[in-house]
file upload-v4.txt (compact mmCIF, C-alpha atoms (C1' of nucleotides))
# COMPACT_ATOMS: atom_id res chain seq x y z
CA MET A 763 -130.27 -40.77 -37.23
CA ARG A 764 -127.43 -42.36 -35.27
CA LYS A 765 -126.62 -44.75 -38.10
CA LEU A 766 -126.83 -42.04 -40.74
CA GLY A 767 -124.54 -39.89 -38.65
CA ALA A 768 -122.06 -42.72 -38.31
CA GLN A 769 -122.15 -43.29 -42.06
CA LEU A 770 -121.25 -39.63 -42.52
CA GLY A 771 -118.50 -39.84 -39.93
CA VAL A 772 -120.35 -37.59 -37.53
CA GLU A 773 -122.51 -37.83 -34.40
CA ALA A 774 -126.29 -38.08 -34.70
CA MET A 775 -126.90 -34.65 -33.17
CA SER A 776 -125.00 -32.89 -35.92
CA LEU A 777 -127.73 -33.82 -38.38
CA TYR A 778 -130.13 -31.45 -36.63
CA ARG A 779 -128.17 -28.55 -38.09
CA TYR A 780 -129.50 -29.61 -41.51
CA VAL A 781 -132.90 -31.21 -40.86
CA SER A 782 -135.35 -30.29 -38.19
CA SER A 783 -136.42 -33.86 -37.50
CA LYS A 784 -136.36 -37.38 -38.86
CA GLU A 785 -139.73 -36.65 -40.45
CA ASP A 786 -138.23 -33.67 -42.25
CA LEU A 787 -135.37 -35.79 -43.54
CA LEU A 788 -137.85 -38.41 -44.72
CA ASP A 789 -139.79 -35.74 -46.61
CA GLY A 790 -136.60 -34.89 -48.46
CA LEU A 791 -135.81 -38.51 -49.25
CA VAL A 792 -139.32 -39.15 -50.52
CA ASP A 793 -139.03 -36.20 -52.85
CA LEU A 794 -135.78 -37.62 -54.20
CA VAL A 795 -137.73 -40.76 -55.09
CA PHE A 796 -140.37 -38.64 -56.82
CA ALA A 797 -137.55 -36.96 -58.70
CA GLU A 798 -136.77 -40.34 -60.27
CA VAL A 799 -140.28 -40.62 -61.70
CA GLU A 800 -140.29 -39.61 -65.34
CA VAL A 801 -143.36 -37.84 -66.70
CA ASP A 802 -143.85 -36.31 -70.13
CA GLU A 803 -144.67 -32.65 -70.46
CA PRO A 804 -148.43 -32.21 -70.85
CA GLY A 805 -149.48 -31.97 -74.48
CA THR A 806 -146.37 -33.56 -75.95
CA THR A 807 -147.45 -37.19 -75.95
CA GLU A 808 -150.65 -39.13 -76.53
CA TRP A 809 -152.21 -39.45 -73.05
CA ARG A 810 -152.33 -43.25 -72.97
CA THR A 811 -148.65 -43.56 -73.80
CA ALA A 812 -147.75 -40.87 -71.31
CA MET A 813 -149.78 -42.41 -68.51
CA ARG A 814 -148.42 -45.88 -69.23
CA GLU A 815 -144.84 -44.67 -69.15
CA ARG A 816 -145.35 -42.70 -65.97
CA ALA A 817 -146.84 -45.76 -64.29
CA HIS A 818 -143.91 -47.96 -65.29
CA SER A 819 -141.41 -45.33 -64.23
CA HIS A 820 -143.19 -44.81 -60.93
CA ARG A 821 -143.19 -48.54 -60.20
CA ALA A 822 -139.52 -48.80 -61.14
CA ALA A 823 -138.63 -46.00 -58.71
CA MET A 824 -140.45 -47.79 -55.91
CA ARG A 825 -138.70 -51.05 -56.71
CA ARG A 826 -135.41 -49.23 -56.28
CA HIS A 827 -136.61 -47.73 -52.99
CA PRO A 828 -139.12 -50.14 -51.42
CA TRP A 829 -139.08 -48.30 -48.08
CA ALA A 830 -140.70 -45.32 -49.84
CA VAL A 831 -143.87 -47.12 -50.92
CA GLY A 832 -145.89 -46.31 -47.81
CA PHE A 833 -144.60 -42.74 -47.62
CA MET A 834 -145.10 -41.24 -51.05
CA GLU A 835 -148.74 -40.29 -50.77
CA GLY A 836 -150.49 -38.36 -48.03
CA ARG A 837 -147.38 -36.47 -47.01
CA MET A 838 -148.31 -33.11 -45.51
CA GLN A 839 -145.29 -31.34 -46.95
CA PRO A 840 -145.03 -32.53 -50.56
CA GLY A 841 -141.72 -31.54 -52.14
CA PRO A 842 -141.25 -29.92 -55.54
CA ALA A 843 -140.67 -33.21 -57.35
CA SER A 844 -143.89 -34.63 -55.95
CA LEU A 845 -145.78 -31.53 -57.03
CA ARG A 846 -144.21 -31.75 -60.47
CA VAL A 847 -145.26 -35.37 -60.96
CA HIS A 848 -148.82 -34.80 -59.84
CA ASP A 849 -149.27 -31.60 -61.78
CA ALA A 850 -147.85 -33.09 -64.95
CA THR A 851 -150.05 -36.17 -64.65
CA LEU A 852 -153.20 -34.12 -64.33
CA GLY A 853 -151.90 -31.84 -67.08
CA ILE A 854 -151.46 -34.71 -69.51
CA LEU A 855 -155.07 -35.74 -69.07
CA ARG A 856 -156.43 -32.19 -69.28
CA ALA A 857 -154.39 -31.53 -72.41
CA ALA A 858 -155.94 -34.63 -73.96
CA GLY A 859 -159.35 -33.14 -73.38
CA PHE A 860 -160.42 -34.80 -70.15
CA PRO A 861 -162.76 -32.62 -68.10
CA PHE A 862 -161.45 -31.83 -64.64
CA ARG A 863 -163.50 -34.47 -62.82
CA ALA A 864 -162.65 -37.14 -65.37
CA ALA A 865 -158.94 -36.38 -65.06
CA VAL A 866 -159.13 -36.72 -61.29
CA HIS A 867 -160.94 -40.05 -61.59
CA ALA A 868 -158.47 -41.40 -64.11
CA ASN A 869 -155.50 -40.30 -62.06
CA SER A 870 -157.02 -41.73 -58.92
CA VAL A 871 -157.56 -45.26 -60.25
CA LEU A 872 -154.17 -45.40 -61.85
CA ASP A 873 -152.32 -44.13 -58.79
CA ALA A 874 -154.14 -46.50 -56.47
CA TYR A 875 -153.23 -49.38 -58.75
CA VAL A 876 -149.58 -48.38 -59.03
CA TYR A 877 -149.13 -47.93 -55.28
CA GLY A 878 -151.10 -51.06 -54.45
CA PHE A 879 -149.09 -53.17 -56.84
CA ALA A 880 -145.85 -51.81 -55.43
CA LEU A 881 -147.10 -52.59 -51.94
CA GLN A 882 -147.84 -56.21 -52.83
CA GLU A 883 -144.63 -56.61 -54.72
CA ARG A 884 -142.54 -55.34 -51.83
CA GLY A 885 -141.55 -58.04 -49.42
CA LEU A 886 -143.23 -60.79 -51.38
CA PRO A 887 -141.07 -63.67 -52.60
CA ALA A 888 -138.85 -63.32 -55.63
CA GLN A 889 -136.81 -60.30 -54.80
CA ALA A 890 -134.83 -62.34 -52.26
CA ASP A 891 -132.68 -63.98 -54.90
CA GLY A 892 -134.86 -63.71 -57.93
CA ASP A 893 -136.06 -67.32 -57.72
CA THR A 894 -139.80 -67.13 -57.07
CA ALA A 895 -140.35 -70.82 -57.67
CA GLU A 896 -137.87 -71.84 -54.97
CA VAL A 897 -139.55 -69.67 -52.34
CA MET A 898 -142.95 -70.99 -53.38
CA ARG A 899 -141.81 -74.60 -53.02
CA GLU A 900 -140.43 -73.84 -49.56
CA GLN A 901 -143.68 -72.14 -48.58
CA ALA A 902 -145.75 -75.04 -49.94
CA ARG A 903 -143.95 -77.59 -47.80
CA HIS A 904 -144.27 -75.40 -44.73
CA VAL A 905 -148.08 -75.48 -44.78
CA PRO A 906 -149.70 -78.92 -44.73
CA GLU A 907 -152.98 -77.73 -43.19
CA MET A 908 -153.56 -75.95 -46.50
CA SER A 909 -155.94 -78.70 -47.58
CA ASN A 910 -158.84 -76.46 -46.52
CA PHE A 911 -157.76 -74.00 -49.19
CA PRO A 912 -157.74 -75.83 -52.52
CA HIS A 913 -157.35 -72.71 -54.67
CA LEU A 914 -154.31 -71.55 -52.76
CA VAL A 915 -152.81 -75.03 -53.11
CA GLU A 916 -153.45 -74.85 -56.84
CA ALA A 917 -151.79 -71.44 -56.97
CA MET A 918 -148.70 -72.54 -55.03
CA ARG A 919 -148.32 -75.64 -57.20
CA GLU A 920 -148.67 -73.60 -60.34
CA PHE A 921 -146.25 -70.87 -59.35
CA ALA A 922 -143.77 -73.35 -57.90
CA GLU A 923 -143.44 -74.63 -61.45
CA THR A 924 -143.70 -71.48 -63.50
CA GLY A 925 -142.68 -68.72 -61.09
CA PHE A 926 -144.58 -65.47 -60.99
CA ASP A 927 -144.07 -62.81 -63.63
CA TYR A 928 -144.56 -59.49 -61.83
CA ASP A 929 -143.83 -57.42 -64.92
CA ALA A 930 -146.46 -59.18 -66.98
CA GLU A 931 -148.95 -59.04 -64.13
CA PHE A 932 -148.40 -55.31 -63.69
CA ALA A 933 -148.73 -54.64 -67.40
CA PHE A 934 -151.96 -56.63 -67.61
CA GLY A 935 -153.69 -54.60 -64.90
CA LEU A 936 -152.30 -51.35 -66.21
CA GLU A 937 -153.67 -51.90 -69.71
CA LEU A 938 -156.98 -53.05 -68.29
CA ILE A 939 -157.31 -49.78 -66.39
CA LEU A 940 -156.15 -47.65 -69.31
CA ASP A 941 -158.77 -49.38 -71.45
CA GLY A 942 -161.35 -48.63 -68.80
CA ILE A 943 -160.45 -44.96 -68.65
CA GLU A 944 -160.53 -44.65 -72.41
CA ARG A 945 -163.94 -46.26 -72.54
CA ALA A 946 -165.43 -44.46 -69.54
CA GLU A 947 -164.64 -41.07 -70.97
CA GLY A 948 -165.02 -41.84 -74.62
CA PHE A 949 -161.45 -40.79 -75.30
CA SER A 950 -159.92 -43.08 -77.83
CA ALA A 951 -156.29 -42.06 -78.05
CA VAL A 952 -156.92 -38.36 -78.60
CA ALA A 953 -154.00 -36.55 -80.13
CA PRO A 954 -152.19 -33.87 -78.09
CA GLY A 955 -154.27 -30.74 -77.90
CA GLY A 956 -157.64 -32.36 -78.45
CA MET B 838 -144.75 -53.95 -26.03
CA ARG B 839 -144.23 -51.79 -22.96
CA LYS B 840 -147.39 -49.84 -23.65
CA LEU B 841 -149.42 -52.94 -24.41
CA GLY B 842 -148.16 -54.49 -21.20
CA ALA B 843 -149.13 -51.39 -19.24
CA GLN B 844 -152.57 -51.44 -20.83
CA LEU B 845 -152.95 -55.01 -19.59
CA GLY B 846 -151.67 -54.12 -16.13
CA VAL B 847 -148.50 -56.11 -16.57
CA GLU B 848 -144.82 -55.63 -17.41
CA ALA B 849 -143.67 -55.82 -21.04
CA MET B 850 -141.68 -59.00 -20.50
CA SER B 851 -144.76 -60.98 -19.50
CA LEU B 852 -146.02 -60.75 -23.06
CA TYR B 853 -143.25 -63.03 -24.23
CA ARG B 854 -145.03 -65.92 -22.53
CA TYR B 855 -147.75 -65.56 -25.19
CA VAL B 856 -146.02 -64.24 -28.30
CA SER B 857 -142.50 -64.98 -29.40
CA SER B 858 -141.83 -61.47 -30.68
CA LYS B 859 -143.48 -58.22 -31.68
CA GLU B 860 -143.55 -59.55 -35.24
CA ASP B 861 -145.46 -62.61 -34.06
CA LEU B 862 -147.99 -60.43 -32.27
CA LEU B 863 -148.38 -58.30 -35.39
CA ASP B 864 -149.07 -61.43 -37.45
CA GLY B 865 -151.92 -62.21 -35.09
CA LEU B 866 -153.34 -58.70 -35.23
CA VAL B 867 -153.19 -58.63 -39.01
CA ASP B 868 -155.14 -61.85 -39.16
CA LEU B 869 -157.79 -60.33 -36.90
CA VAL B 870 -158.18 -57.59 -39.51
CA PHE B 871 -158.50 -60.22 -42.24
CA ALA B 872 -161.16 -61.87 -40.09
CA GLU B 873 -163.25 -58.71 -40.49
CA VAL B 874 -163.22 -59.02 -44.27
CA GLU B 875 -166.44 -60.59 -45.48
CA VAL B 876 -166.31 -62.85 -48.53
CA ASP B 877 -169.11 -64.93 -50.00
CA GLU B 878 -168.69 -68.66 -50.31
CA PRO B 879 -167.55 -69.54 -53.84
CA GLY B 880 -170.45 -70.46 -56.11
CA THR B 881 -173.16 -68.79 -54.05
CA THR B 882 -173.12 -65.34 -55.61
CA GLU B 883 -172.62 -63.85 -59.04
CA TRP B 884 -168.86 -63.16 -59.24
CA ARG B 885 -169.14 -59.43 -59.90
CA THR B 886 -171.34 -58.86 -56.89
CA ALA B 887 -169.14 -61.06 -54.72
CA MET B 888 -165.95 -59.29 -55.79
CA ARG B 889 -167.50 -55.87 -55.35
CA GLU B 890 -168.69 -56.67 -51.85
CA ARG B 891 -165.38 -58.15 -50.83
CA ALA B 892 -163.57 -55.05 -52.05
CA HIS B 893 -165.86 -52.74 -50.08
CA SER B 894 -165.59 -54.90 -46.99
CA HIS B 895 -161.83 -55.09 -47.32
CA ARG B 896 -161.55 -51.32 -47.62
CA ALA B 897 -163.85 -50.82 -44.65
CA ALA B 898 -161.69 -53.10 -42.50
CA MET B 899 -158.59 -51.10 -43.42
CA ARG B 900 -160.35 -47.84 -42.61
CA ARG B 901 -161.05 -49.21 -39.16
CA HIS B 902 -157.41 -50.30 -38.80
CA PRO B 903 -155.24 -47.95 -40.88
CA TRP B 904 -152.01 -49.24 -39.33
CA ALA B 905 -152.69 -52.60 -41.00
CA VAL B 906 -152.62 -51.34 -44.59
CA GLY B 907 -148.92 -51.86 -45.14
CA PHE B 908 -148.86 -55.21 -43.35
CA MET B 909 -151.65 -57.27 -44.85
CA GLU B 910 -149.88 -58.53 -47.92
CA GLY B 911 -146.51 -60.19 -48.21
CA ARG B 912 -146.59 -61.57 -44.67
CA MET B 913 -144.47 -64.72 -44.48
CA GLN B 914 -146.78 -66.38 -41.95
CA PRO B 915 -150.31 -65.76 -43.25
CA GLY B 916 -152.95 -66.61 -40.65
CA PRO B 917 -156.09 -68.69 -41.22
CA ALA B 918 -158.31 -65.66 -41.86
CA SER B 919 -155.91 -64.39 -44.51
CA LEU B 920 -155.85 -67.80 -46.17
CA ARG B 921 -159.65 -67.97 -46.04
CA VAL B 922 -160.06 -64.57 -47.75
CA HIS B 923 -157.58 -65.33 -50.51
CA ASP B 924 -158.85 -68.84 -51.14
CA ALA B 925 -162.48 -67.71 -51.25
CA THR B 926 -161.65 -64.86 -53.63
CA LEU B 927 -159.93 -67.16 -56.08
CA GLY B 928 -162.72 -69.69 -55.56
CA ILE B 929 -165.42 -67.20 -56.51
CA LEU B 930 -163.71 -66.48 -59.80
CA ARG B 931 -163.00 -70.13 -60.57
CA ALA B 932 -166.60 -71.07 -59.77
CA ALA B 933 -167.74 -68.42 -62.24
CA GLY B 934 -165.74 -70.14 -64.94
CA PHE B 935 -162.52 -68.12 -64.97
CA PRO B 936 -159.52 -70.19 -66.03
CA PHE B 937 -156.76 -70.28 -63.41
CA ARG B 938 -154.59 -67.61 -65.01
CA ALA B 939 -157.53 -65.30 -65.59
CA ALA B 940 -158.62 -65.63 -61.97
CA VAL B 941 -155.12 -64.73 -60.79
CA HIS B 942 -155.05 -61.70 -63.06
CA ALA B 943 -158.46 -60.51 -61.95
CA ASN B 944 -157.61 -60.96 -58.30
CA SER B 945 -154.28 -59.24 -58.76
CA VAL B 946 -155.67 -56.01 -60.29
CA LEU B 947 -158.47 -55.78 -57.80
CA ASP B 948 -156.25 -56.35 -54.79
CA ALA B 949 -153.67 -53.87 -55.96
CA TYR B 950 -156.40 -51.29 -56.42
CA VAL B 951 -157.98 -51.94 -53.02
CA TYR B 952 -154.66 -51.77 -51.16
CA GLY B 953 -153.47 -48.76 -53.11
CA PHE B 954 -156.67 -46.85 -52.51
CA ALA B 955 -156.49 -47.63 -48.80
CA LEU B 956 -152.89 -46.46 -48.78
CA GLN B 957 -153.77 -43.12 -50.35
CA GLU B 958 -156.80 -42.69 -48.16
CA ARG B 959 -154.83 -43.26 -44.99
CA GLY B 960 -153.31 -40.11 -43.58
CA LEU B 961 -154.73 -37.89 -46.29
CA PRO B 962 -157.02 -35.03 -45.26
CA ALA B 963 -160.63 -35.60 -44.28
CA GLN B 964 -160.32 -38.26 -41.68
CA ALA B 965 -159.01 -35.64 -39.26
CA ASP B 966 -162.42 -34.20 -38.49
CA GLY B 967 -164.34 -35.20 -41.58
CA ASP B 968 -164.04 -31.78 -43.18
CA THR B 969 -161.98 -32.26 -46.31
CA ALA B 970 -162.69 -28.78 -47.61
CA GLU B 971 -161.31 -27.09 -44.49
CA VAL B 972 -158.02 -28.97 -44.69
CA MET B 973 -157.77 -28.22 -48.40
CA ARG B 974 -158.26 -24.49 -47.80
CA GLU B 975 -155.58 -24.54 -45.16
CA GLN B 976 -153.21 -26.40 -47.46
CA ALA B 977 -153.97 -24.01 -50.31
CA ARG B 978 -152.98 -20.95 -48.28
CA HIS B 979 -149.82 -22.63 -47.07
CA VAL B 980 -148.35 -22.95 -50.55
CA PRO B 981 -148.06 -19.75 -52.58
CA GLU B 982 -145.22 -20.99 -54.80
CA MET B 983 -147.82 -23.34 -56.30
CA SER B 984 -148.17 -21.06 -59.30
CA ASN B 985 -145.84 -23.35 -61.23
CA PHE B 986 -148.44 -26.08 -60.86
CA PRO B 987 -151.68 -24.82 -62.35
CA HIS B 988 -153.48 -28.15 -62.31
CA LEU B 989 -152.81 -28.69 -58.64
CA VAL B 990 -154.07 -25.19 -57.94
CA GLU B 991 -157.21 -26.00 -59.88
CA ALA B 992 -157.62 -29.20 -57.88
CA MET B 993 -157.16 -27.49 -54.52
CA ARG B 994 -159.61 -24.75 -55.42
CA GLU B 995 -162.16 -27.28 -56.60
CA PHE B 996 -161.89 -29.56 -53.59
CA ALA B 997 -161.80 -26.65 -51.18
CA GLU B 998 -165.30 -25.91 -52.39
CA THR B 999 -166.75 -29.34 -52.93
CA GLY B 1000 -164.70 -31.57 -50.66
CA PHE B 1001 -163.48 -34.95 -51.84
CA ASP B 1002 -165.82 -37.91 -51.93
CA TYR B 1003 -163.65 -40.95 -51.19
CA ASP B 1004 -166.53 -43.39 -51.34
CA ALA B 1005 -167.59 -42.25 -54.80
CA GLU B 1006 -163.99 -42.22 -55.99
CA PHE B 1007 -163.42 -45.75 -54.74
CA ALA B 1008 -166.61 -47.02 -56.31
CA PHE B 1009 -165.76 -45.43 -59.66
CA GLY B 1010 -162.40 -47.17 -59.91
CA LEU B 1011 -163.80 -50.43 -58.63
CA GLU B 1012 -166.53 -50.57 -61.26
CA LEU B 1013 -164.06 -49.57 -63.95
CA ILE B 1014 -161.86 -52.50 -63.03
CA LEU B 1015 -164.76 -54.95 -62.73
CA ASP B 1016 -165.87 -53.83 -66.20
CA GLY B 1017 -162.37 -54.44 -67.45
CA ILE B 1018 -162.21 -57.92 -66.00
CA GLU B 1019 -165.57 -58.80 -67.43
CA ARG B 1020 -164.54 -57.62 -70.85
CA ALA B 1021 -161.04 -59.04 -70.82
CA GLU B 1022 -162.28 -62.53 -70.11
CA GLY B 1023 -165.56 -62.39 -71.93
CA PHE B 1024 -167.46 -63.14 -68.75
CA SER B 1025 -170.61 -61.11 -68.66
CA ALA B 1026 -172.09 -61.75 -65.25
CA VAL B 1027 -171.96 -65.53 -65.47
CA ALA B 1028 -174.34 -67.26 -63.07
CA PRO B 1029 -172.88 -69.41 -60.26
CA GLY B 1030 -171.59 -72.72 -61.56
CA GLY B 1031 -171.31 -71.78 -65.16
C1' DA C 533 -147.66 -71.59 -14.63
C1' DC C 534 -147.15 -66.97 -14.69
C1' DC C 535 -144.79 -62.79 -13.73
C1' DT C 536 -140.74 -59.46 -13.02
C1' DG C 537 -135.96 -56.74 -11.99
C1' DA C 538 -132.11 -55.91 -13.94
C1' DA C 539 -129.76 -55.50 -17.88
C1' DC C 540 -128.48 -55.04 -22.94
C1' DA C 541 -128.53 -52.86 -27.07
C1' DC C 542 -130.91 -49.85 -29.23
C1' DC C 543 -133.98 -45.38 -30.71
C1' DG C 544 -135.01 -39.69 -31.73
C1' DT C 545 -134.16 -35.36 -29.73
C1' DT C 546 -132.54 -31.19 -26.76
C1' DC C 547 -129.33 -28.13 -25.12
C1' DA C 548 -125.58 -26.13 -23.18
C1' DA C 549 -120.91 -26.28 -24.25
C1' DG C 550 -117.04 -26.66 -27.11
C1' DT C 551 -113.85 -25.21 -31.53
C1' DA D 788 -120.51 -21.98 -38.48
C1' DC D 789 -120.30 -26.50 -37.29
C1' DC D 790 -119.90 -30.20 -34.12
C1' DT D 791 -120.49 -32.92 -29.60
C1' DG D 792 -121.11 -34.93 -24.42
C1' DA D 793 -124.31 -35.64 -21.49
C1' DA D 794 -128.79 -36.46 -20.74
C1' DC D 795 -133.86 -37.57 -21.38
C1' DA D 796 -137.41 -40.36 -22.62
C1' DC D 797 -138.11 -43.91 -25.10
C1' DC D 798 -137.80 -48.86 -27.75
C1' DG D 799 -137.73 -54.68 -28.16
C1' DT D 800 -135.78 -58.55 -25.94
C1' DT D 801 -133.25 -61.99 -22.72
C1' DC D 802 -132.68 -64.39 -18.68
C1' DA D 803 -132.15 -65.65 -14.22
C1' DA D 804 -134.96 -65.20 -10.35
C1' DG D 805 -139.13 -64.82 -7.93
C1' DT D 806 -144.28 -66.64 -6.41

call {"tool": "encode", "arguments": {"input": "upload-v4.txt", "output": "structure tokens"}}
result
Amino acid sequence: MRKLGAQLGVEAMSLYRYVSSKEDLLDGLVDLVFAEVEVDEPGTTEWRTAMRERAHSHRAAMRRHPWAVGFMEGRMQPGPASLRVHDATLGILRAAGFPFRAAVHANSVLDAYVYGFALQERGLPAQADGDTAEVMREQARHVPEMSNFPHLVEAMREFAETGFDYDAEFAFGLELILDGIERAEGFSAVAPGG
Amino acid sequence: MRKLGAQLGVEAMSLYRYVSSKEDLLDGLVDLVFAEVEVDEPGTTEWRTAMRERAHSHRAAMRRHPWAVGFMEGRMQPGPASLRVHDATLGILRAAGFPFRAAVHANSVLDAYVYGFALQERGLPAQADGDTAEVMREQARHVPEMSNFPHLVEAMREFAETGFDYDAEFAFGLELILDGIERAEGFSAVAPGG
DNA sequence: ACCTGAACACCGTTCAAGT
DNA sequence: ACCTGAACACCGTTCAAGT
């Protein structure tokens, strides 16, 4: 509050003319992040494509605003952008013919994956200066009592050489889940409208 | 710090004899949460069973300590319990015959899902007093301008009647992902050691 | 060895008072 | 209508000083 005020050339207390609390302000900010998430209109795009694109867009928004990751879901006062995203996502699945329960399941797995991946990605190496391998090498030296953990040693060695491709990793899991949804419900790339 | 001190019948500053900072203390607490996660020894259990049980145990630990959800991954000083869990998880997959890259992929999707689900579960309705439906009804009344979002309205109505079964939802996604891993790598329930 | 008083540099928030 | 000074009830942390 105090810092935000300063950045606006004003005292902290002035902000309370516009927001009722820090929580309220945060609600607004979170909805701005949701506003950056692109979702197709239900019924306009094949569901798998639409869900894939939403997931990538959602992840991208959270990479731009890492602080938001823990705040986007479970908010008691979801803003209009949040409602839009969630409604459209369910709508896409329903329009493709998913029964209500199936749509909820599909949405649930995908969302959990997207948020969880963003959570892991945030604060992990790499985004410091983009050089994953460097950070890994540093970390490897720092832990000599790692000999009890051979698989972690293998992982550090491997990634110290090759780095870690977050984009590829994310895409792998995403396609795996989309495959699973398609199979679980027997929906093989149904065209818009059924 | 001040509150913790008080709870120990001591001033806040005394704590700095035992931890070097709040961050340091948090590292220790997080590792205590990891210590509650049960993982089979690599090679003792069929990989699918082992991974399923670890996921359930991991989620259970985070339900007992919701504050920990955002802190468990990406810590720069992982404690011994954290190292144990991660090493054992990779070990289980490797022992089942997964090549290194495949094991990393499998672990990555599963972890993202587990953390993401825990993130969504935390703070959402239900855990207030266990009555999801009640909270949903309340929320439904509170938002009349929801008419723009028919699928959310449908969801609220549905869950206001039936409640929301987090356990079933978690299990559904978990099995879907385990299926996907099995299929992606061509590992159909390989016995320990081969 | 273990604890603390005083102090520093912070927070979010209220409220009566200013223009 | 919009802003603020003073104040309240907090934080984490340092450090010299106590026993």

call {"tool": "interface_residues", "arguments": {"input": "upload-v4.txt", "of": "chain B", "to": "chain D", "cutoff": "9 Å", "atoms": "all atoms listed in the file", "output": "number ranges by chain"}}
result
B: 838-839, 850, 853, 858-859

call {"tool": "closest_residue", "arguments": {"input": "upload-v4.txt", "among": "A:Met918, A:Ala774, A:Ala865, A:Leu886", "to": "Glu1006 (chain B)", "atoms": "only C-alpha atoms"}}
result
A:Ala865

call {"tool": "interface_residues", "arguments": {"input": "upload-v4.txt", "of": "chain A", "to": "chain B", "cutoff": "6 Å", "atoms": "only C-alpha atoms", "output": "PDB file with C-alpha atoms, in the frame of the given file"}}
result
ATOM      1  CA  GLU A 835    -148.740 -40.290 -50.770  1.00  0.00           C
ATOM      2  CA  GLY A 836    -150.490 -38.360 -48.030  1.00  0.00           C
ATOM      3  CA  ASP A 849    -149.270 -31.600 -61.780  1.00  0.00           C
ATOM      4  CA  VAL A 871    -157.560 -45.260 -60.250  1.00  0.00           C
ATOM      5  CA  ALA A 874    -154.140 -46.500 -56.470  1.00  0.00           C
ATOM      6  CA  TYR A 875    -153.230 -49.380 -58.750  1.00  0.00           C
ATOM      7  CA  TYR A 877    -149.130 -47.930 -55.280  1.00  0.00           C
ATOM      8  CA  GLY A 878    -151.100 -51.060 -54.450  1.00  0.00           C
ATOM      9  CA  PHE A 879    -149.090 -53.170 -56.840  1.00  0.00           C
ATOM     10  CA  GLN A 882    -147.840 -56.210 -52.830  1.00  0.00           C
ATOM     11  CA  GLY A 885    -141.550 -58.040 -49.420  1.00  0.00           C
ATOM     12  CA  LEU A 886    -143.230 -60.790 -51.380  1.00  0.00           C
ATOM     13  CA  PHE A 911    -157.760 -74.000 -49.190  1.00  0.00           C
ATOM     14  CA  HIS A 913    -157.350 -72.710 -54.670  1.00  0.00           C
ATOM     15  CA  LEU A 914    -154.310 -71.550 -52.760  1.00  0.00           C
ATOM     16  CA  GLY A 935    -153.690 -54.600 -64.900  1.00  0.00           C
ATOM     17  CA  LEU A 938    -156.980 -53.050 -68.290  1.00  0.00           C
ATOM     18  CA  GLY A 942    -161.350 -48.630 -68.800  1.00  0.00           C
TER      19      GLY A 942
END

call {"tool": "atom_distance", "arguments": {"input": "upload-v4.txt", "atom1": "CA of Asp1002 (chain B)", "atom2": "CA of Ala857 (chain A)"}}
result
24.3 Å

call {"tool": "residues_around", "arguments": {"input": "upload-v4.txt", "residues": "region 884-888 of chain B", "least_positions_apart": "3", "cutoff": "7 Å", "atoms": "all atoms listed in the file", "output": "number ranges by chain"}}
result
B: 877, 891-892, 929-930, 933, 1015, 1026
